[in-house]
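Encoded as structure tokens, the structure appears first; notes follow it.
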Amino acid sequence: MNKLRVQELNTLIQETKDEQKKNGCEIKATGLLKHEKVNALSKLLGDGSTCLITKIVDRVYDLRTLAANTLAKKTCPPSRDVLRVICVKLLYPHERQEWIHNSTVGDVRLISSNAYSWKPTFWFSYPEYNVKRQQLEPKCLDSHHLFVNCRVKVCKDGLPGFGISKKAWHKVSEIYPNVISKCLVVDLLDKQSNAYAQRTFGKEVEEKLTELGYFQEAHLCHLIRNWYAAEDEAGIPAADRVAARVAFREFLMDSVDFSTFPPFGMYVKGMPRQMYEGFLQSIDTHLQLYGVVKGGTYNARSVSSLANETFFGEMAELEPTKLGCPKATHCPRLVSTVTEIMHYRNNPQNRYSLNVSYL
């Protein structure tokens, strides 16, 4: 009887209802296990022998074995994206420690004054060390380009991940056209104009944004305006420059974790990756230089791409066709001429009076 299937046992239970009543017992077709049904029918119809079922306890495997068995399954293998994330998660701690070990700035240093102090938990970037020249070569995008590009981004699309809406500036231009015109925030007239960017993030616009309840947008105006002043204006104490840069850095780094995978793609919280990395690299580079230079301070505008832009601007002026695209045969002579001009123009040992602006 133990060889019968459950369906056959249930049929047998139904056909023996009368026999069950005569013996004063009732066998239920549901709610009993197979061996219990077999034992009850054996007592009713057979010799009363019983069968015992020994419960088999499954072996508990460790996590490593379970993970290996899951990856080895052919029925439902993990996707390549999942495998990439697992692999990178395992490699990331070691690679990060190696990156920190190879840092050219050494241990993080406390930047402080009587009114302010700050110590970073980690650096986003560090300057490259040129083995051939035996010197550090800090590189970063020019603050002017980051500034004007940010103006275009917030007025055109906003920064949803940071809680920044383009409607804020559009609303100010509608209600207060004397403060900022629609052509600056809607039509985006002259996207590379520094003056228009200054107006977009100016103090008056910040106040109007606050009046209209756009507090996050007003906060961004305050942060980026102070950051650009720290990058561009003269006569600001080093500690104040650090405070302005750090405040903007903390805004950018809020709720951003670079140890999560998959990593950010073309955008970081709605901001283009090139702009986001440009801001952080510029801020970190300028902060790190305080611990490198001997005097503790330096010219804030000296670390930028203005030197390259000036060089290629001179090349465009001397280009024979005046089309801005020299021929390959003209490039060697052009580079040689511009190099010679820049050498004499920026030579601080000039013995003659020449009204020039030094980079």
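In the structure tokens, the first chain shown is A, the next is B, and so on; residue numbers restart at 1 for each chain, and ligands run from 1 in the order shown.
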
Selection near Ser125 of chain A, 9 Å with only C-alpha atoms, sequence-local residues under 6 positions removed, as number ranges by chain: A: 103, 280-281, 284-285

Backbone-only DSSP, helix (DSSP H, G or I) members of segment 93-241 of chain A, as an MDAnalysis selection string: chainID A and resid 93:101 143:156 160:162 167:175 182:185 194:200 203:211 215:232 238:241

Nearby residues (only C-alpha atoms) at most 7 Å from segment 138-143 of chain A, same-chain spacing under 4 positions excluded, as a ChimeraX atom specification: /A:127-128,147,228,231,278,281-282,285,304-306

Contacts of Val38 of chain A within 12 Å, only C-alpha atoms, excl. fewer than 4 positions in-chain, as a count of residues only: 29

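One distance worth recording is that between atom CA of Ser336 of chain A and atom CA of Met315 of chain A, which is 9.9 Å.
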
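Once Phe311 of chain A and its same-chain neighbours fewer than 5 positions away are set aside, Ser305, Leu306, Ala316, Glu317, Leu318, Leu334, Val335, Ser336, Thr337, Val338, Thr339, Glu340, Ile341, Met342, His343, Arg345, Asn346 and Leu359 of chain A remain within 12 Å of it when counting only C-alpha atoms.
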
Convert the current residue selection to file output with C-alpha atoms, as a PDB file, in the first residue's frame.
ATOM      1  CA  SER A 305      43.567  76.897 -19.131  1.00  0.00           C
ATOM      2  CA  LEU A 306      43.985  80.618 -19.873  1.00  0.00           C
ATOM      3  CA  ALA A 316      44.628  82.256 -34.758  1.00  0.00           C
ATOM      4  CA  GLU A 317      45.610  85.911 -35.206  1.00  0.00           C
ATOM      5  CA  LEU A 318      48.803  85.015 -37.093  1.00  0.00           C
ATOM      6  CA  LEU A 334      53.155  79.167 -36.576  1.00  0.00           C
ATOM      7  CA  VAL A 335      54.005  77.374 -33.328  1.00  0.00           C
ATOM      8  CA  SER A 336      57.590  78.585 -33.535  1.00  0.00           C
ATOM      9  CA  THR A 337      56.534  82.213 -34.135  1.00  0.00           C
ATOM     10  CA  VAL A 338      53.917  82.246 -31.372  1.00  0.00           C
ATOM     11  CA  THR A 339      56.354  80.638 -28.912  1.00  0.00           C
ATOM     12  CA  GLU A 340      58.930  83.333 -29.617  1.00  0.00           C
ATOM     13  CA  ILE A 341      56.353  86.122 -29.226  1.00  0.00           C
ATOM     14  CA  MET A 342      55.029  84.712 -25.938  1.00  0.00           C
ATOM     15  CA  HIS A 343      58.575  84.263 -24.643  1.00  0.00           C
ATOM     16  CA  ARG A 345      56.007  89.207 -24.061  1.00  0.00           C
ATOM     17  CA  ASN A 346      55.952  87.345 -20.742  1.00  0.00           C
ATOM     18  CA  LEU A 359      49.611  85.165 -17.117  1.00  0.00           C
TER      19      LEU A 359
END

Lys167 of chain A environment, 10 Å, only C-alpha atoms, sequence neighbours closer than 5 positions dropped, as a PDB file with N, CA and C atoms, in the first residue's frame:
ATOM      1  N   VAL A 154      21.474  75.337 -15.976  1.00  0.00           N
ATOM      2  CA  VAL A 154      20.376  75.541 -15.033  1.00  0.00           C
ATOM      3  C   VAL A 154      19.204  76.269 -15.687  1.00  0.00           C
ATOM      4  N   CYS A 155      19.479  77.151 -16.653  1.00  0.00           N
ATOM      5  CA  CYS A 155      18.400  77.888 -17.308  1.00  0.00           C
ATOM      6  C   CYS A 155      17.725  77.076 -18.405  1.00  0.00           C
ATOM      7  N   LYS A 156      18.434  76.125 -18.967  1.00  0.00           N
ATOM      8  CA  LYS A 156      17.874  75.331 -20.055  1.00  0.00           C
ATOM      9  C   LYS A 156      17.180  74.068 -19.552  1.00  0.00           C
ATOM     10  N   ASP A 157      17.822  73.333 -18.645  1.00  0.00           N
ATOM     11  CA  ASP A 157      17.290  72.049 -18.175  1.00  0.00           C
ATOM     12  C   ASP A 157      17.092  71.976 -16.670  1.00  0.00           C
ATOM     13  N   GLY A 158      17.811  72.820 -15.908  1.00  0.00           N
ATOM     14  CA  GLY A 158      17.805  72.674 -14.465  1.00  0.00           C
ATOM     15  C   GLY A 158      18.718  71.541 -14.033  1.00  0.00           C
ATOM     16  N   VAL A 172      11.397  84.501 -12.258  1.00  0.00           N
ATOM     17  CA  VAL A 172      11.980  85.801 -11.887  1.00  0.00           C
ATOM     18  C   VAL A 172      11.999  86.728 -13.092  1.00  0.00           C
ATOM     19  N   SER A 173      12.323  86.214 -14.264  1.00  0.00           N
ATOM     20  CA  SER A 173      12.364  87.057 -15.470  1.00  0.00           C
ATOM     21  C   SER A 173      10.978  87.538 -15.869  1.00  0.00           C
ATOM     22  N   VAL A 185      17.713  84.116 -19.745  1.00  0.00           N
ATOM     23  CA  VAL A 185      17.395  82.835 -19.113  1.00  0.00           C
ATOM     24  C   VAL A 185      16.522  81.939 -19.984  1.00  0.00           C
ATOM     25  N   VAL A 186      15.819  82.506 -20.944  1.00  0.00           N
ATOM     26  CA  VAL A 186      14.981  81.707 -21.841  1.00  0.00           C
ATOM     27  C   VAL A 186      15.651  81.555 -23.202  1.00  0.00           C
ATOM     28  N   TYR A 214      11.903  79.875  -4.003  1.00  0.00           N
ATOM     29  CA  TYR A 214      12.860  78.961  -4.629  1.00  0.00           C
ATOM     30  C   TYR A 214      14.160  78.977  -3.821  1.00  0.00           C
ATOM     31  N   GLU A 217      17.356  77.010  -5.314  1.00  0.00           N
ATOM     32  CA  GLU A 217      17.956  77.748  -6.419  1.00  0.00           C
ATOM     33  C   GLU A 217      18.706  78.975  -5.903  1.00  0.00           C
TER      34      GLU A 217
END

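With only C-alpha atoms as the atoms that count, the minimum distance from Val152 of chain A to the choices A:Asp240, A:Asp187, A:Glu95, A:Glu26 is reached by A:Asp187.
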
Spatial neighbours of segment 70-85 of chain A, max dist 8 Å, only C-alpha atoms, sep filter under 3 positions, as a list in words: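 My list of contacting residues is Leu66, Ala67, Val88, Lys89, Phe261 and Pro262 of chain A.
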
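Atom CA of Ala244 of chain A is positioned 22.0 Å from atom CA of Lys208 of chain A.
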
Of the listed residues A:Val131, A:Ala238, A:Ala243, A:Ala328, that which approaches Gly295 of chain A most closely, counting only C-alpha atoms: A:Ala238

Coordinates-based distance that separates atom CA of Thr210 of chain A from atom CA of His222 of chain A (Å, one decimal):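 Distance reported for this atom pair: 11.1 Å.
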
Counting only C-alpha atoms, the residue of A:Ala239, A:Thr310, A:Phe124, A:Glu137 that sits nearest Asp257 of chain A: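 Closest residue, counting only C-alpha atoms: A:Phe124.
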
Nearest residue to Cys150 of chain A from the set A:Lys182, A:Arg133, A:Arg59, A:Lys191 (distances using only C-alpha atoms): A:Lys191

Shortest interatomic distance to Glu277 of chain A - which of A:Leu159, A:Arg301, A:Asp62, A:Leu146, counting only C-alpha atoms: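 Of A:Leu159, A:Arg301, A:Asp62, A:Leu146, the one nearest Glu277 of chain A, counting only C-alpha atoms, is A:Leu146.
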
Nearest to Thr297 of chain A, chosen from A:Phe264, A:Gly235, A:Arg96, A:Gly270, with only C-alpha atoms counted in the distances: A:Gly235
